[in-house]
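Engineer: Mind looking over this structure? Questions follow.
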2 protein chains.
Amino acid sequence: MQKNSLMTTRDTIIQVADHLIRDKGFNAFSFKDISIAIGIKTASIHYHFPTKTDLGIATIKGHIERLEALKAELENKSPLTKLEGFFSIYSAVKSENKVCIVGSLATDLHTVEEGIQKELKVLAEKILEWVTEILEEGKAKNAFAFQVAPRTKALLIITNMLAIVQLSRLTKADDFTLLKETIIQELKPKTE
Amino acid sequence: MQKNSLMTTRDTIIQVADHLIRDKGFNAFSFKDISIAIGIKTASIHYHFPTKTDLGIATIKGHIERLEALKAELENKSPLTKLEGFFSIYSAVKSENKVCIVGSLATDLHTVEEGIQKELKVLAEKILEWVTEILEEGKAKNAFAFQVAPRTKALLIITNMLAIVQLSRLTKADDFTLLKETIIQELKPKTE
DNA sequence: GTCTATAGCAGGATAGAC
DNA sequence: GTCTATCCTGCTATAGAC
């Protein structure tokens, strides 16, 4: 990863940290990794982020911002387009064989400071709310058919995505695409 | 966790390591943690397991053994009983607010040595095979109804379990039970 | 804002006594 | 099989020059 000249050093650090967390986990990445990746000394990283916790929080906040932006961008689109937009996040994750930030930090939850835990809970709730809304709208418009409560269906779909990027590191990378397409297919109303 | 006098020191170390990995992650637990938990010095742990990798491999092998034992124990039971047996693994995980060993190590996969990666792949494949078999049998006996291929349905169900123990650390602990019961309900054939 | 230098600590691992 | 003592490495973080 090379520092893009259009980005601030601060944002570049966050971007590299994000990739490292999702590739190796929060406890396995070091300031040295970032230092090497962007050609800056570790002491300089501390100027932008006094502690590793600060960097972790900023990384999660970045995800929240991008999620809000995606949601706003798709506001007037169809429920199916919205859901595909949500899935596109995980397609990008899988294309690099990384994992979802929520899954990565949830497994490390009991080792990170409270600031990170709190911010992660905000992100998880926002994801769950958005997918629930998409499913509710889809059902109301007969774009989707499912029997359980929208929030329950959202949990089922989110857990499918969150875990398949992890599990397909061990089974087959293709299993990601298989699940993504199966989920969309099963949501379509049966024409009888 | 206290050393049970009926267990060998070796097995006690594995048991503690397993809990630590699923609570904090492989990179966050230390020999010192085990040392404190069972009242033995870290150097003594190295007598049983020369390296941390050796301990990690032994921990995964323990899971494989218990999975095979559970599978054998349920061999002559109904598909529903088998599936509930599989879910009981995750109920136990969730009751301690820990996560599945597969998810924990999959997120750390790129930081562990090849021996651990290989053993984890064996475990993941065995889980996938078993659940696929249960679903195939259940469909053949009209105990379960589902539209997709058994292996695909197994992936959907396993990812639900694997991720809900992670995600419900952030949303609600009850979400685990909600998903478990929803999955069983949805598998039941519709009586029309 | 980035650097050099270093403090201070914790980790995995080993040697050798008992 | 467990102990004490220690090595070496890598980590987060800080001080102070430029």
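As shown in the structure tokens, the chain order sets the letters A, B, ...; within each chain, residues go from 1, and ligands are also counted from 1 in the order they appear.
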Tell me the residues of chain B close to chain D, meaning within 8 Å using only C-alpha atoms (C1' of nucleotides), as a list in words.

Structural biologist: Ile40, Lys41, Ser44 and Tyr47 of chain B

Engineer: Find the residues of chain A that sit at most 6 Å from chain B; for each, write down the nearest two atoms and how far apart they are in Å, to one decimal. Count only C-alpha atoms. Sort by chain, then by number going up, and give it as CSV.

Structural biologist:
residue,atom,partner,partner_atom,distance
A:Lys24,CA,B:Asp108,CA,5.3
A:Gly25,CA,B:Asp108,CA,5.8
A:Ser104,CA,B:Thr107,CA,5.7
A:Ala106,CA,B:Gln166,CA,5.6
A:Thr107,CA,B:Ser104,CA,5.7
A:Asp108,CA,B:Lys24,CA,5.3
A:His110,CA,B:Lys24,CA,5.7
A:Thr111,CA,B:Lys24,CA,5.9
A:Lys121,CA,B:Leu170,CA,5.1
A:Thr159,CA,B:Ala163,CA,4.9
A:Asn160,CA,B:Thr159,CA,5.0
A:Ala163,CA,B:Thr159,CA,5.0
A:Gln166,CA,B:Ala106,CA,5.5
A:Leu170,CA,B:Lys121,CA,5.1

Engineer: Excluding same-chain residues fewer than 5 positions from A:Ala72, what lies within 12 Å of it counting only C-alpha atoms (C1' of nucleotides), as a ChimeraX atom specification?

Structural biologist: /A:65-67,77,82,85,130

Engineer: Emit the selected residues as a JSON list (two decimals), in the first residue's frame, including C-alpha atoms.

Structural biologist:
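And here is the file that came out, selection-v6.json:
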[["chain", "number", "residue", "atom", "x", "y", "z"],
["A", 65, "GLU", "CA", -19.04, 7.24, 7.68],
["A", 66, "ARG", "CA", -18.73, 5.10, 4.57],
["A", 67, "LEU", "CA", -21.79, 3.11, 5.59],
["A", 77, "LYS", "CA", -32.97, 3.00, -5.35],
["A", 82, "LYS", "CA", -29.81, -1.46, -1.80],
["A", 85, "GLY", "CA", -25.04, -2.40, -2.37],
["A", 130, "TRP", "CA", -30.04, -0.50, 7.70]]

Engineer: Up to 12 Å from chain A, what residues of chain C turn up? Count only C-alpha atoms (C1' of nucleotides) and give them as a list in words.

Structural biologist: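 For chain C, the answer reads DG1, DT2, DC3, DT4, DA5 and DT6 of chain C.
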
Engineer: For the structure I just gave you, how does DSSP split stretch 85-158 of chain B - specifically, which residues are alpha helix (DSSP H)? Reply as a PDB file with N, CA, C and O atoms, in the first residue's frame.

Structural biologist:
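See selection.pdb below for the written result:
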ATOM      1  N   GLY B  85     -27.911 -31.326  18.279  1.00  0.00           N
ATOM      2  CA  GLY B  85     -26.614 -31.650  18.872  1.00  0.00           C
ATOM      3  C   GLY B  85     -25.524 -30.720  18.355  1.00  0.00           C
ATOM      4  O   GLY B  85     -24.688 -30.234  19.124  1.00  0.00           O
ATOM      5  N   PHE B  86     -25.559 -30.467  17.057  1.00  0.00           N
ATOM      6  CA  PHE B  86     -24.596 -29.524  16.478  1.00  0.00           C
ATOM      7  C   PHE B  86     -24.772 -28.130  17.080  1.00  0.00           C
ATOM      8  O   PHE B  86     -23.810 -27.469  17.479  1.00  0.00           O
ATOM      9  N   PHE B  87     -26.022 -27.685  17.173  1.00  0.00           N
ATOM     10  CA  PHE B  87     -26.298 -26.361  17.734  1.00  0.00           C
ATOM     11  C   PHE B  87     -25.867 -26.257  19.200  1.00  0.00           C
ATOM     12  O   PHE B  87     -25.535 -25.176  19.678  1.00  0.00           O
ATOM     13  N   SER B  88     -25.919 -27.396  19.900  1.00  0.00           N
ATOM     14  CA  SER B  88     -25.570 -27.374  21.331  1.00  0.00           C
ATOM     15  C   SER B  88     -24.118 -26.944  21.550  1.00  0.00           C
ATOM     16  O   SER B  88     -23.776 -26.375  22.585  1.00  0.00           O
ATOM     17  N   ILE B  89     -23.265 -27.212  20.562  1.00  0.00           N
ATOM     18  CA  ILE B  89     -21.876 -26.740  20.639  1.00  0.00           C
ATOM     19  C   ILE B  89     -21.871 -25.221  20.767  1.00  0.00           C
ATOM     20  O   ILE B  89     -21.184 -24.651  21.620  1.00  0.00           O
ATOM     21  N   TYR B  90     -22.674 -24.567  19.928  1.00  0.00           N
ATOM     22  CA  TYR B  90     -22.701 -23.109  19.914  1.00  0.00           C
ATOM     23  C   TYR B  90     -23.446 -22.533  21.109  1.00  0.00           C
ATOM     24  O   TYR B  90     -23.139 -21.442  21.576  1.00  0.00           O
ATOM     25  N   SER B  91     -24.434 -23.281  21.603  1.00  0.00           N
ATOM     26  CA  SER B  91     -25.123 -22.831  22.827  1.00  0.00           C
ATOM     27  C   SER B  91     -24.128 -22.754  23.977  1.00  0.00           C
ATOM     28  O   SER B  91     -24.134 -21.804  24.763  1.00  0.00           O
ATOM     29  N   ALA B  92     -23.259 -23.766  24.067  1.00  0.00           N
ATOM     30  CA  ALA B  92     -22.240 -23.770  25.120  1.00  0.00           C
ATOM     31  C   ALA B  92     -21.271 -22.610  24.934  1.00  0.00           C
ATOM     32  O   ALA B  92     -20.903 -21.925  25.896  1.00  0.00           O
ATOM     33  N   VAL B  93     -20.880 -22.366  23.703  1.00  0.00           N
ATOM     34  CA  VAL B  93     -19.984 -21.242  23.389  1.00  0.00           C
ATOM     35  C   VAL B  93     -20.619 -19.930  23.837  1.00  0.00           C
ATOM     36  O   VAL B  93     -19.998 -19.120  24.523  1.00  0.00           O
ATOM     37  N   LYS B  94     -21.875 -19.747  23.448  1.00  0.00           N
ATOM     38  CA  LYS B  94     -22.551 -18.482  23.740  1.00  0.00           C
ATOM     39  C   LYS B  94     -22.795 -18.294  25.227  1.00  0.00           C
ATOM     40  O   LYS B  94     -22.754 -17.170  25.729  1.00  0.00           O
ATOM     41  N   SER B  95     -23.047 -19.385  25.934  1.00  0.00           N
ATOM     42  CA  SER B  95     -23.342 -19.273  27.368  1.00  0.00           C
ATOM     43  C   SER B  95     -22.164 -18.668  28.126  1.00  0.00           C
ATOM     44  O   SER B  95     -22.322 -18.113  29.204  1.00  0.00           O
ATOM     45  N   ILE B 101     -14.153 -21.545  17.798  1.00  0.00           N
ATOM     46  CA  ILE B 101     -12.706 -21.643  17.535  1.00  0.00           C
ATOM     47  C   ILE B 101     -12.396 -21.380  16.063  1.00  0.00           C
ATOM     48  O   ILE B 101     -11.375 -20.777  15.727  1.00  0.00           O
ATOM     49  N   VAL B 102     -13.309 -21.809  15.190  1.00  0.00           N
ATOM     50  CA  VAL B 102     -13.075 -21.630  13.751  1.00  0.00           C
ATOM     51  C   VAL B 102     -13.084 -20.145  13.393  1.00  0.00           C
ATOM     52  O   VAL B 102     -12.200 -19.665  12.680  1.00  0.00           O
ATOM     53  N   GLY B 103     -14.056 -19.420  13.920  1.00  0.00           N
ATOM     54  CA  GLY B 103     -14.118 -17.984  13.647  1.00  0.00           C
ATOM     55  C   GLY B 103     -12.955 -17.237  14.269  1.00  0.00           C
ATOM     56  O   GLY B 103     -12.364 -16.349  13.656  1.00  0.00           O
ATOM     57  N   SER B 104     -12.619 -17.616  15.491  1.00  0.00           N
ATOM     58  CA  SER B 104     -11.515 -16.946  16.185  1.00  0.00           C
ATOM     59  C   SER B 104     -10.218 -17.083  15.409  1.00  0.00           C
ATOM     60  O   SER B 104      -9.495 -16.108  15.193  1.00  0.00           O
ATOM     61  N   LEU B 105      -9.915 -18.295  14.975  1.00  0.00           N
ATOM     62  CA  LEU B 105      -8.643 -18.524  14.277  1.00  0.00           C
ATOM     63  C   LEU B 105      -8.695 -18.119  12.803  1.00  0.00           C
ATOM     64  O   LEU B 105      -7.659 -17.802  12.217  1.00  0.00           O
ATOM     65  N   ALA B 106      -9.892 -18.122  12.217  1.00  0.00           N
ATOM     66  CA  ALA B 106      -9.998 -17.701  10.810  1.00  0.00           C
ATOM     67  C   ALA B 106      -9.678 -16.216  10.680  1.00  0.00           C
ATOM     68  O   ALA B 106      -9.039 -15.787   9.712  1.00  0.00           O
ATOM     69  N   THR B 107     -10.093 -15.412  11.665  1.00  0.00           N
ATOM     70  CA  THR B 107      -9.787 -13.976  11.590  1.00  0.00           C
ATOM     71  C   THR B 107      -8.293 -13.715  11.806  1.00  0.00           C
ATOM     72  O   THR B 107      -7.774 -12.714  11.351  1.00  0.00           O
ATOM     73  N   GLU B 114       1.728 -22.383   9.534  1.00  0.00           N
ATOM     74  CA  GLU B 114       1.022 -23.266   8.607  1.00  0.00           C
ATOM     75  C   GLU B 114       0.383 -24.470   9.307  1.00  0.00           C
ATOM     76  O   GLU B 114      -0.685 -24.927   8.899  1.00  0.00           O
ATOM     77  N   GLY B 115       1.042 -24.979  10.339  1.00  0.00           N
ATOM     78  CA  GLY B 115       0.492 -26.139  11.045  1.00  0.00           C
ATOM     79  C   GLY B 115      -0.895 -25.870  11.592  1.00  0.00           C
ATOM     80  O   GLY B 115      -1.789 -26.721  11.532  1.00  0.00           O
ATOM     81  N   ILE B 116      -1.074 -24.679  12.132  1.00  0.00           N
ATOM     82  CA  ILE B 116      -2.383 -24.299  12.663  1.00  0.00           C
ATOM     83  C   ILE B 116      -3.384 -24.108  11.525  1.00  0.00           C
ATOM     84  O   ILE B 116      -4.532 -24.553  11.606  1.00  0.00           O
ATOM     85  N   GLN B 117      -2.951 -23.468  10.474  1.00  0.00           N
ATOM     86  CA  GLN B 117      -3.836 -23.246   9.328  1.00  0.00           C
ATOM     87  C   GLN B 117      -4.361 -24.575   8.777  1.00  0.00           C
ATOM     88  O   GLN B 117      -5.559 -24.718   8.515  1.00  0.00           O
ATOM     89  N   LYS B 118      -3.447 -25.521   8.622  1.00  0.00           N
ATOM     90  CA  LYS B 118      -3.838 -26.819   8.058  1.00  0.00           C
ATOM     91  C   LYS B 118      -4.839 -27.547   8.955  1.00  0.00           C
ATOM     92  O   LYS B 118      -5.842 -28.082   8.493  1.00  0.00           O
ATOM     93  N   GLU B 119      -4.538 -27.571  10.259  1.00  0.00           N
ATOM     94  CA  GLU B 119      -5.419 -28.286  11.180  1.00  0.00           C
ATOM     95  C   GLU B 119      -6.790 -27.617  11.228  1.00  0.00           C
ATOM     96  O   GLU B 119      -7.829 -28.286  11.320  1.00  0.00           O
ATOM     97  N   LEU B 120      -6.812 -26.300  11.148  1.00  0.00           N
ATOM     98  CA  LEU B 120      -8.085 -25.579  11.176  1.00  0.00           C
ATOM     99  C   LEU B 120      -8.920 -25.884   9.936  1.00  0.00           C
ATOM    100  O   LEU B 120     -10.152 -26.001  10.014  1.00  0.00           O
ATOM    101  N   LYS B 121      -8.244 -26.023   8.808  1.00  0.00           N
ATOM    102  CA  LYS B 121      -8.971 -26.378   7.587  1.00  0.00           C
ATOM    103  C   LYS B 121      -9.597 -27.763   7.710  1.00  0.00           C
ATOM    104  O   LYS B 121     -10.712 -27.990   7.245  1.00  0.00           O
ATOM    105  N   VAL B 122      -8.880 -28.682   8.345  1.00  0.00           N
ATOM    106  CA  VAL B 122      -9.429 -30.018   8.572  1.00  0.00           C
ATOM    107  C   VAL B 122     -10.696 -29.923   9.413  1.00  0.00           C
ATOM    108  O   VAL B 122     -11.734 -30.516   9.084  1.00  0.00           O
ATOM    109  N   LEU B 123     -10.631 -29.173  10.501  1.00  0.00           N
ATOM    110  CA  LEU B 123     -11.806 -29.008  11.368  1.00  0.00           C
ATOM    111  C   LEU B 123     -12.977 -28.399  10.607  1.00  0.00           C
ATOM    112  O   LEU B 123     -14.109 -28.894  10.685  1.00  0.00           O
ATOM    113  N   ALA B 124     -12.716 -27.335   9.862  1.00  0.00           N
ATOM    114  CA  ALA B 124     -13.785 -26.661   9.124  1.00  0.00           C
ATOM    115  C   ALA B 124     -14.439 -27.607   8.110  1.00  0.00           C
ATOM    116  O   ALA B 124     -15.674 -27.644   7.989  1.00  0.00           O
ATOM    117  N   GLU B 125     -13.625 -28.392   7.425  1.00  0.00           N
ATOM    118  CA  GLU B 125     -14.170 -29.329   6.449  1.00  0.00           C
ATOM    119  C   GLU B 125     -15.023 -30.405   7.129  1.00  0.00           C
ATOM    120  O   GLU B 125     -16.069 -30.796   6.620  1.00  0.00           O
ATOM    121  N   LYS B 126     -14.582 -30.865   8.293  1.00  0.00           N
ATOM    122  CA  LYS B 126     -15.331 -31.907   8.997  1.00  0.00           C
ATOM    123  C   LYS B 126     -16.688 -31.387   9.481  1.00  0.00           C
ATOM    124  O   LYS B 126     -17.692 -32.093   9.425  1.00  0.00           O
ATOM    125  N   ILE B 127     -16.692 -30.144   9.943  1.00  0.00           N
ATOM    126  CA  ILE B 127     -17.957 -29.538  10.355  1.00  0.00           C
ATOM    127  C   ILE B 127     -18.900 -29.435   9.157  1.00  0.00           C
ATOM    128  O   ILE B 127     -20.069 -29.827   9.219  1.00  0.00           O
ATOM    129  N   LEU B 128     -18.351 -28.928   8.060  1.00  0.00           N
ATOM    130  CA  LEU B 128     -19.168 -28.746   6.851  1.00  0.00           C
ATOM    131  C   LEU B 128     -19.706 -30.079   6.336  1.00  0.00           C
ATOM    132  O   LEU B 128     -20.877 -30.191   5.955  1.00  0.00           O
ATOM    133  N   GLU B 129     -18.862 -31.097   6.344  1.00  0.00           N
ATOM    134  CA  GLU B 129     -19.293 -32.421   5.893  1.00  0.00           C
ATOM    135  C   GLU B 129     -20.416 -32.981   6.771  1.00  0.00           C
ATOM    136  O   GLU B 129     -21.409 -33.504   6.270  1.00  0.00           O
ATOM    137  N   TRP B 130     -20.232 -32.850   8.069  1.00  0.00           N
ATOM    138  CA  TRP B 130     -21.221 -33.429   8.980  1.00  0.00           C
ATOM    139  C   TRP B 130     -22.577 -32.737   8.822  1.00  0.00           C
ATOM    140  O   TRP B 130     -23.615 -33.402   8.691  1.00  0.00           O
ATOM    141  N   VAL B 131     -22.584 -31.428   8.832  1.00  0.00           N
ATOM    142  CA  VAL B 131     -23.857 -30.704   8.717  1.00  0.00           C
ATOM    143  C   VAL B 131     -24.501 -30.992   7.364  1.00  0.00           C
ATOM    144  O   VAL B 131     -25.726 -31.151   7.271  1.00  0.00           O
ATOM    145  N   THR B 132     -23.683 -31.090   6.326  1.00  0.00           N
ATOM    146  CA  THR B 132     -24.229 -31.440   5.011  1.00  0.00           C
ATOM    147  C   THR B 132     -24.920 -32.805   5.057  1.00  0.00           C
ATOM    148  O   THR B 132     -26.033 -32.973   4.544  1.00  0.00           O
ATOM    149  N   GLU B 133     -24.264 -33.766   5.689  1.00  0.00           N
ATOM    150  CA  GLU B 133     -24.845 -35.115   5.827  1.00  0.00           C
ATOM    151  C   GLU B 133     -26.166 -35.087   6.594  1.00  0.00           C
ATOM    152  O   GLU B 133     -27.133 -35.757   6.217  1.00  0.00           O
ATOM    153  N   ILE B 134     -26.174 -34.332   7.693  1.00  0.00           N
ATOM    154  CA  ILE B 134     -27.399 -34.231   8.503  1.00  0.00           C
ATOM    155  C   ILE B 134     -28.553 -33.681   7.658  1.00  0.00           C
ATOM    156  O   ILE B 134     -29.676 -34.199   7.692  1.00  0.00           O
ATOM    157  N   LEU B 135     -28.251 -32.664   6.883  1.00  0.00           N
ATOM    158  CA  LEU B 135     -29.294 -32.030   6.070  1.00  0.00           C
ATOM    159  C   LEU B 135     -29.767 -32.961   4.958  1.00  0.00           C
ATOM    160  O   LEU B 135     -30.969 -33.043   4.662  1.00  0.00           O
ATOM    161  N   GLU B 136     -28.820 -33.671   4.345  1.00  0.00           N
ATOM    162  CA  GLU B 136     -29.189 -34.643   3.297  1.00  0.00           C
ATOM    163  C   GLU B 136     -30.125 -35.717   3.853  1.00  0.00           C
ATOM    164  O   GLU B 136     -31.153 -36.039   3.259  1.00  0.00           O
ATOM    165  N   GLU B 137     -29.727 -36.240   5.003  1.00  0.00           N
ATOM    166  CA  GLU B 137     -30.539 -37.284   5.627  1.00  0.00           C
ATOM    167  C   GLU B 137     -31.923 -36.748   6.006  1.00  0.00           C
ATOM    168  O   GLU B 137     -32.944 -37.402   5.793  1.00  0.00           O
ATOM    169  N   GLY B 138     -31.926 -35.532   6.548  1.00  0.00           N
ATOM    170  CA  GLY B 138     -33.190 -34.930   6.958  1.00  0.00           C
ATOM    171  C   GLY B 138     -34.119 -34.692   5.783  1.00  0.00           C
ATOM    172  O   GLY B 138     -35.336 -34.852   5.890  1.00  0.00           O
ATOM    173  N   LYS B 139     -33.548 -34.326   4.661  1.00  0.00           N
ATOM    174  CA  LYS B 139     -34.371 -34.095   3.480  1.00  0.00           C
ATOM    175  C   LYS B 139     -34.925 -35.424   2.955  1.00  0.00           C
ATOM    176  O   LYS B 139     -36.108 -35.538   2.623  1.00  0.00           O
ATOM    177  N   ALA B 140     -34.069 -36.438   2.908  1.00  0.00           N
ATOM    178  CA  ALA B 140     -34.480 -37.761   2.421  1.00  0.00           C
ATOM    179  C   ALA B 140     -35.610 -38.337   3.271  1.00  0.00           C
ATOM    180  O   ALA B 140     -36.490 -39.027   2.768  1.00  0.00           O
ATOM    181  N   PRO B 150     -27.730 -29.355  -0.337  1.00  0.00           N
ATOM    182  CA  PRO B 150     -27.452 -29.565   1.094  1.00  0.00           C
ATOM    183  C   PRO B 150     -26.169 -28.869   1.571  1.00  0.00           C
ATOM    184  O   PRO B 150     -26.145 -28.285   2.657  1.00  0.00           O
ATOM    185  N   ARG B 151     -25.127 -28.921   0.761  1.00  0.00           N
ATOM    186  CA  ARG B 151     -23.880 -28.257   1.173  1.00  0.00           C
ATOM    187  C   ARG B 151     -24.068 -26.741   1.281  1.00  0.00           C
ATOM    188  O   ARG B 151     -23.542 -26.105   2.191  1.00  0.00           O
ATOM    189  N   THR B 152     -24.852 -26.169   0.370  1.00  0.00           N
ATOM    190  CA  THR B 152     -25.121 -24.729   0.417  1.00  0.00           C
ATOM    191  C   THR B 152     -25.925 -24.384   1.664  1.00  0.00           C
ATOM    192  O   THR B 152     -25.623 -23.407   2.371  1.00  0.00           O
ATOM    193  N   LYS B 153     -26.940 -25.206   1.950  1.00  0.00           N
ATOM    194  CA  LYS B 153     -27.750 -24.968   3.152  1.00  0.00           C
ATOM    195  C   LYS B 153     -26.878 -25.113   4.407  1.00  0.00           C
ATOM    196  O   LYS B 153     -27.035 -24.349   5.368  1.00  0.00           O
ATOM    197  N   ALA B 154     -25.958 -26.075   4.370  1.00  0.00           N
ATOM    198  CA  ALA B 154     -25.055 -26.254   5.507  1.00  0.00           C
ATOM    199  C   ALA B 154     -24.199 -25.003   5.708  1.00  0.00           C
ATOM    200  O   ALA B 154     -24.007 -24.533   6.830  1.00  0.00           O
ATOM    201  N   LEU B 155     -23.703 -24.440   4.612  1.00  0.00           N
ATOM    202  CA  LEU B 155     -22.906 -23.209   4.712  1.00  0.00           C
ATOM    203  C   LEU B 155     -23.729 -22.073   5.313  1.00  0.00           C
ATOM    204  O   LEU B 155     -23.239 -21.305   6.144  1.00  0.00           O
ATOM    205  N   LEU B 156     -24.988 -21.979   4.890  1.00  0.00           N
ATOM    206  CA  LEU B 156     -25.854 -20.915   5.421  1.00  0.00           C
ATOM    207  C   LEU B 156     -26.049 -21.073   6.925  1.00  0.00           C
ATOM    208  O   LEU B 156     -25.950 -20.103   7.691  1.00  0.00           O
ATOM    209  N   ILE B 157     -26.303 -22.295   7.356  1.00  0.00           N
ATOM    210  CA  ILE B 157     -26.569 -22.544   8.780  1.00  0.00           C
ATOM    211  C   ILE B 157     -25.294 -22.388   9.621  1.00  0.00           C
ATOM    212  O   ILE B 157     -25.310 -21.771  10.694  1.00  0.00           O
ATOM    213  N   ILE B 158     -24.196 -22.916   9.121  1.00  0.00           N
ATOM    214  CA  ILE B 158     -22.930 -22.800   9.868  1.00  0.00           C
ATOM    215  C   ILE B 158     -22.514 -21.336  10.004  1.00  0.00           C
ATOM    216  O   ILE B 158     -22.089 -20.900  11.079  1.00  0.00           O
TER     217      ILE B 158
END

Engineer: How many Å separate atom CA of A:Gln15 from atom CA of A:Thr59?

Structural biologist: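 It comes out at 7.5 Å.
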
Engineer: How many Å lie between atom CA of B:Lys61 and atom CA of B:Asp18, rounded to one decimal?

Structural biologist: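 Taking atom CA of B:Lys61 and atom CA of B:Asp18, their separation equals 10.8 Å.
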